[in-house]
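Enquirer: Structure in structure tokens, see below.
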Amino acid sequence: MFTHINFLKTVKIAAGCVLAIWLGNLLGLNYSSAAGVIALLSIHDTRKETFRATGKRIAGFFMALLFAPGCFLLAGFGPAAIGLFLLLFTPLSMVLHIPEAVSVSTVLMTHFLTEGKMGGEEILNEILLLLTGTGMGILLNLYIPGKKRHIQRKQRQIEEGFRGFLQEAAGILDRGKGELEQEGKTAVSSKAILEERLKGLKSMILQGEREAFLDVENSLLSETRYYLRYMSMRKGQLMVSERMGECLKRLEGYEGLPDQAVRIGELLELTRVTFHEFNNARGLLAKLEQTKEKIKGQPLPETRDEFEIRALLYQILLDLRQLLVIKKDFADSLTAEERKTFWGEAI
């Protein structure tokens with residue numbers, strides 16, 4: 001029930017609201033409770049989101065100061081002035097992509113309405129309220145626990161998921177090494193197991209991608225998109241694996257498989273054994289090309305079933321190659337600094 005509640009953010013909101021009001025009172029500001037509301041609105045899930053929203057609110061407020069005098073002049077210091085202000089300010093804020101400024105600016109404009117005037121003292125009071133609230137929000141949101149350990153744990157889970165998929169795929173091609181034969185699960189088909197593994201992988205990759213994005217959003221001084229790119233790479237491999245899975249499931253309809261299936265199964269098993277974050281896949285690609293050449297040198301199929309099986313096997317081989325190419329391209333895209341930081345390689 002409480003697993004999805006961000007308790008740290010809850011504490012920050014409560015503390016920020018109280019501290020902003022206290023500071024507003026200490027500065028002798030009128031309507032100091034508004035600073036608490038602004039602080040509450042300034043606490044977001046990531047540091048960058050907090051800074052972006054704060055910048056938009058401050059820019060929007062100063063833009064609102066340009067509209068307010070005309071609205072009060074035309075409609076007086078009454079409700080109609082706020083209505084006129086919102087009719088003008090809201091669409092403009094949407095066009096300028098600063099909708100965050102509408103609520104805060106409107107609250108501050110109502111203070112002019114209550115005072116019945118908009119002089120220098122009143123404007124200074126509102127500016128200080130805005131800076132007090134947003135400043136407190138920024139200050140409290142400077143501390144956000146890092147997600148690197150969570151991401152790295154998710155990486156290990158994703159890699160283990162891929163190894164499980166490759167193990168089952170190899171077992172299907174070499175009928176006798178699959179999970180069904182190993183564990184005696186005769187009531188469950190390899191098709192169901194493949195689907196379950198791919199479903200689990202998709203869920204883990206989506207979770208990892210969300211955490212990697214939050215990590216980027218929380219990095220102010222030492223930004224890196226390594227983990228986000230890693231998750232994108234695994235997502236690409238998942239798409240290829242899903243296509244490979246369809247071919248593997250179609251092979252279940254045939255009673256016997258030719259020798260080529262065993263060769264590809266061995267290649268899948270080799271990929272499984274060496275499947276990890278730091279593998280650049282070059283050796284596996286070389287091995288795959290050797291396997292492809294050996295298969296090309298074998299006699300052509302003689303029956304329709306054999307032809308269909310060989311076509312499916314060749315597609316699986318092409319999908320495996322694409323899976324490895326995706327990893328190779330990722331490894332080649334890393335800078336020397338990234339290799340040192342994340343792969344432990346000397347520059």
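As shown in the structure tokens, the chain order sets the letters A, B, ...; within each chain, residues go from 1, and ligands are also counted from 1 in the order they appear.
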Might you pull out every residue within 10 Å of Thr106 in chain A, with only C-alpha atoms counted and same-chain residues fewer than 6 positions away left off, and present them as an MDAnalysis selection string?

Expert: chainID A and resid 61 64 68 82:83 85:86 89:90

Enquirer: Mind checking DSSP for range 70-265 of chain A and telling me the alpha helix (DSSP H) residues as a short mmCIF file (atom, residue, chain, number, x, y, z; two decimals) with C-alpha atoms, in the first residue's frame?

Expert:
```
data_model
loop_
_atom_site.label_atom_id
_atom_site.label_comp_id
_atom_site.auth_asym_id
_atom_site.auth_seq_id
_atom_site.Cartn_x
_atom_site.Cartn_y
_atom_site.Cartn_z
CA GLY A 70 -3.18 47.40 -16.93
CA CYS A 71 -5.67 44.87 -15.55
CA PHE A 72 -6.10 46.80 -12.31
CA LEU A 73 -6.35 50.07 -14.21
CA LEU A 74 -9.11 48.75 -16.48
CA ALA A 75 -11.08 46.66 -13.97
CA PRO A 79 -12.40 40.11 -8.88
CA ALA A 80 -12.84 41.24 -12.49
CA ALA A 81 -9.20 42.34 -12.57
CA ILE A 82 -8.03 38.80 -11.70
CA GLY A 83 -10.35 37.37 -14.34
CA LEU A 84 -8.96 39.75 -16.96
CA PHE A 85 -5.42 38.94 -15.84
CA LEU A 86 -6.01 35.19 -16.25
CA LEU A 87 -7.64 35.65 -19.66
CA LEU A 88 -4.48 37.36 -20.88
CA PHE A 89 -1.75 35.62 -18.88
CA THR A 90 -2.87 31.98 -19.10
CA PRO A 91 -2.80 31.58 -22.91
CA LEU A 92 0.48 33.50 -23.13
CA SER A 93 2.09 31.23 -20.53
CA MET A 94 0.91 28.19 -22.53
CA VAL A 95 2.39 29.61 -25.74
CA GLU A 100 3.95 26.47 -13.99
CA ALA A 101 3.90 30.25 -13.63
CA VAL A 102 0.11 30.63 -13.74
CA SER A 103 -0.79 29.40 -10.26
CA VAL A 104 2.04 31.14 -8.39
CA SER A 105 1.68 34.42 -10.27
CA THR A 106 -2.08 34.44 -9.70
CA VAL A 107 -1.66 33.92 -5.95
CA LEU A 108 0.80 36.80 -5.80
CA MET A 109 -1.49 39.02 -7.90
CA THR A 110 -4.33 38.48 -5.42
CA HIS A 111 -2.18 40.15 -2.78
CA PHE A 112 -2.27 43.37 -4.81
CA LEU A 113 -6.02 42.93 -5.01
CA THR A 114 -6.28 42.60 -1.24
CA GLU A 115 -4.01 45.60 -0.63
CA GLY A 120 6.99 49.57 -5.02
CA GLU A 121 6.64 48.25 -1.47
CA GLU A 122 3.96 45.74 -2.48
CA ILE A 123 5.94 44.57 -5.51
CA LEU A 124 9.08 44.10 -3.38
CA ASN A 125 7.05 42.06 -0.87
CA GLU A 126 5.82 39.71 -3.63
CA ILE A 127 9.30 39.34 -5.11
CA LEU A 128 10.68 38.36 -1.70
CA LEU A 129 7.82 35.89 -1.16
CA LEU A 130 8.61 34.26 -4.50
CA LEU A 131 12.34 34.08 -3.83
CA THR A 132 11.80 32.77 -0.29
CA GLY A 133 9.50 29.98 -1.42
CA THR A 134 11.45 28.91 -4.49
CA GLY A 135 14.77 29.25 -2.68
CA MET A 136 13.62 26.97 0.13
CA GLY A 137 12.35 24.43 -2.41
CA ILE A 138 15.69 24.42 -4.24
CA LEU A 139 17.66 24.19 -0.99
CA LEU A 140 15.74 21.13 0.23
CA ASN A 141 15.82 19.44 -3.15
CA LYS A 148 23.26 4.26 -9.27
CA ARG A 149 23.07 1.21 -7.01
CA HIS A 150 19.45 0.62 -7.99
CA ILE A 151 20.36 0.95 -11.67
CA GLN A 152 23.34 -1.39 -11.36
CA ARG A 153 21.20 -3.96 -9.58
CA LYS A 154 18.63 -3.65 -12.36
CA GLN A 155 21.41 -4.12 -14.93
CA ARG A 156 22.37 -7.43 -13.32
CA GLN A 157 18.72 -8.55 -13.30
CA ILE A 158 18.27 -7.62 -16.96
CA GLU A 159 21.43 -9.48 -17.97
CA GLU A 160 20.30 -12.53 -16.02
CA GLY A 161 16.95 -12.30 -17.82
CA PHE A 162 18.66 -12.29 -21.20
CA ARG A 163 20.80 -15.26 -20.17
CA GLY A 164 17.65 -17.16 -19.24
CA PHE A 165 16.08 -16.37 -22.61
CA LEU A 166 19.20 -17.46 -24.49
CA GLN A 167 19.39 -20.67 -22.45
CA GLU A 168 15.84 -21.61 -23.34
CA ALA A 169 16.38 -20.64 -26.98
CA ALA A 170 19.48 -22.83 -27.18
CA GLY A 171 17.56 -25.66 -25.54
CA ILE A 172 14.80 -25.46 -28.14
CA LEU A 173 17.33 -25.77 -30.96
CA GLU A 179 14.31 -25.91 -19.37
CA LEU A 180 11.48 -28.36 -20.00
CA GLU A 181 13.79 -31.36 -20.26
CA GLN A 182 16.02 -30.16 -17.42
CA GLU A 183 13.22 -29.60 -14.96
CA SER A 190 8.79 -23.75 -24.29
CA LYS A 191 6.56 -21.17 -25.98
CA ALA A 192 5.03 -20.19 -22.64
CA ILE A 193 8.45 -20.01 -20.98
CA LEU A 194 9.84 -17.80 -23.76
CA GLU A 195 6.87 -15.45 -23.49
CA GLU A 196 7.26 -15.25 -19.72
CA ARG A 197 10.98 -14.48 -19.97
CA LEU A 198 10.44 -11.76 -22.59
CA LYS A 199 7.61 -10.25 -20.57
CA GLY A 200 9.82 -10.13 -17.48
CA LEU A 201 12.66 -8.56 -19.47
CA LYS A 202 10.39 -5.85 -20.85
CA SER A 203 9.19 -4.93 -17.37
CA MET A 204 12.74 -4.79 -15.96
CA ILE A 205 14.06 -2.68 -18.85
CA LEU A 206 11.21 -0.17 -18.51
CA GLN A 207 11.93 0.14 -14.77
CA GLY A 208 15.64 0.51 -15.43
CA GLU A 209 14.99 3.15 -18.07
CA ARG A 210 12.89 5.19 -15.63
CA GLU A 211 15.59 5.02 -12.97
CA ALA A 212 18.30 5.92 -15.50
CA PHE A 213 16.30 8.96 -16.61
CA LEU A 214 15.93 10.11 -12.99
CA ASP A 215 19.68 9.67 -12.54
CA VAL A 216 20.34 12.00 -15.49
CA GLU A 217 17.81 14.51 -14.16
CA TYR A 226 25.63 6.15 -19.81
CA TYR A 227 22.92 4.26 -17.92
CA LEU A 228 20.15 5.74 -20.09
CA ARG A 229 22.02 4.68 -23.24
CA TYR A 230 22.64 1.25 -21.70
CA MET A 231 18.90 0.75 -21.11
CA SER A 232 18.16 1.95 -24.65
CA MET A 233 20.66 -0.62 -25.96
CA ARG A 234 18.99 -3.40 -23.97
CA LYS A 235 15.58 -2.27 -25.22
CA GLY A 236 16.83 -2.63 -28.80
CA GLN A 237 18.12 -6.12 -27.99
CA LEU A 238 14.75 -6.99 -26.46
CA MET A 239 12.97 -6.07 -29.70
CA VAL A 240 15.30 -8.37 -31.62
CA SER A 241 14.83 -11.12 -29.00
CA GLU A 242 11.04 -10.87 -29.37
CA ARG A 243 11.39 -11.37 -33.12
CA MET A 244 13.73 -14.29 -32.50
CA GLY A 245 11.23 -15.73 -30.06
CA GLU A 246 8.53 -15.81 -32.73
CA CYS A 247 10.78 -17.93 -34.96
CA LEU A 248 11.65 -20.24 -32.06
CA LYS A 249 7.98 -20.76 -31.24
CA ARG A 250 7.24 -21.66 -34.87
CA LEU A 251 9.99 -24.31 -34.77
CA ASP A 259 22.25 -30.23 -37.67
CA GLN A 260 22.21 -26.51 -38.39
CA ALA A 261 19.92 -26.05 -35.37
CA VAL A 262 22.54 -27.58 -33.09
CA ARG A 263 25.24 -25.24 -34.46
CA ILE A 264 23.08 -22.18 -33.89
CA GLY A 265 22.08 -23.53 -30.46
#
```

Enquirer: With distances taken over only C-alpha atoms, which residue among A:Tyr254, A:Phe330, A:Tyr31, A:Phe342 lies nearest Thr224 in chain A?

Expert: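 Among the listed residues, A:Phe342 lies closest to Thr224 in chain A.
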
Enquirer: In Å, with one decimal, what is the gap from CA of Ile144 in chain A to CA of Asn25 in chain A?

Expert: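 That distance, rounded to one decimal, is 27.8 Å.
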
Enquirer: Hey, can you check how far CA of Phe51 in chain A sits from CA of Arg225 in chain A?

Expert: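 Distance between the two atoms: 19.1 Å.
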
Enquirer: At what distance in Å, to one decimal, does CA of His97 in chain A lie from CA of Ala20 in chain A?

Expert: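 Between CA of Ala20 in chain A and CA of His97 in chain A the gap is 26.8 Å.
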
Enquirer: Find, counting only C-alpha atoms, the residue in A:Leu257, A:Leu324, A:Leu268, A:Leu40 that gets nearest to Val11 in chain A.

Expert: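 Closest to Val11 in chain A of all the choices is A:Leu40.
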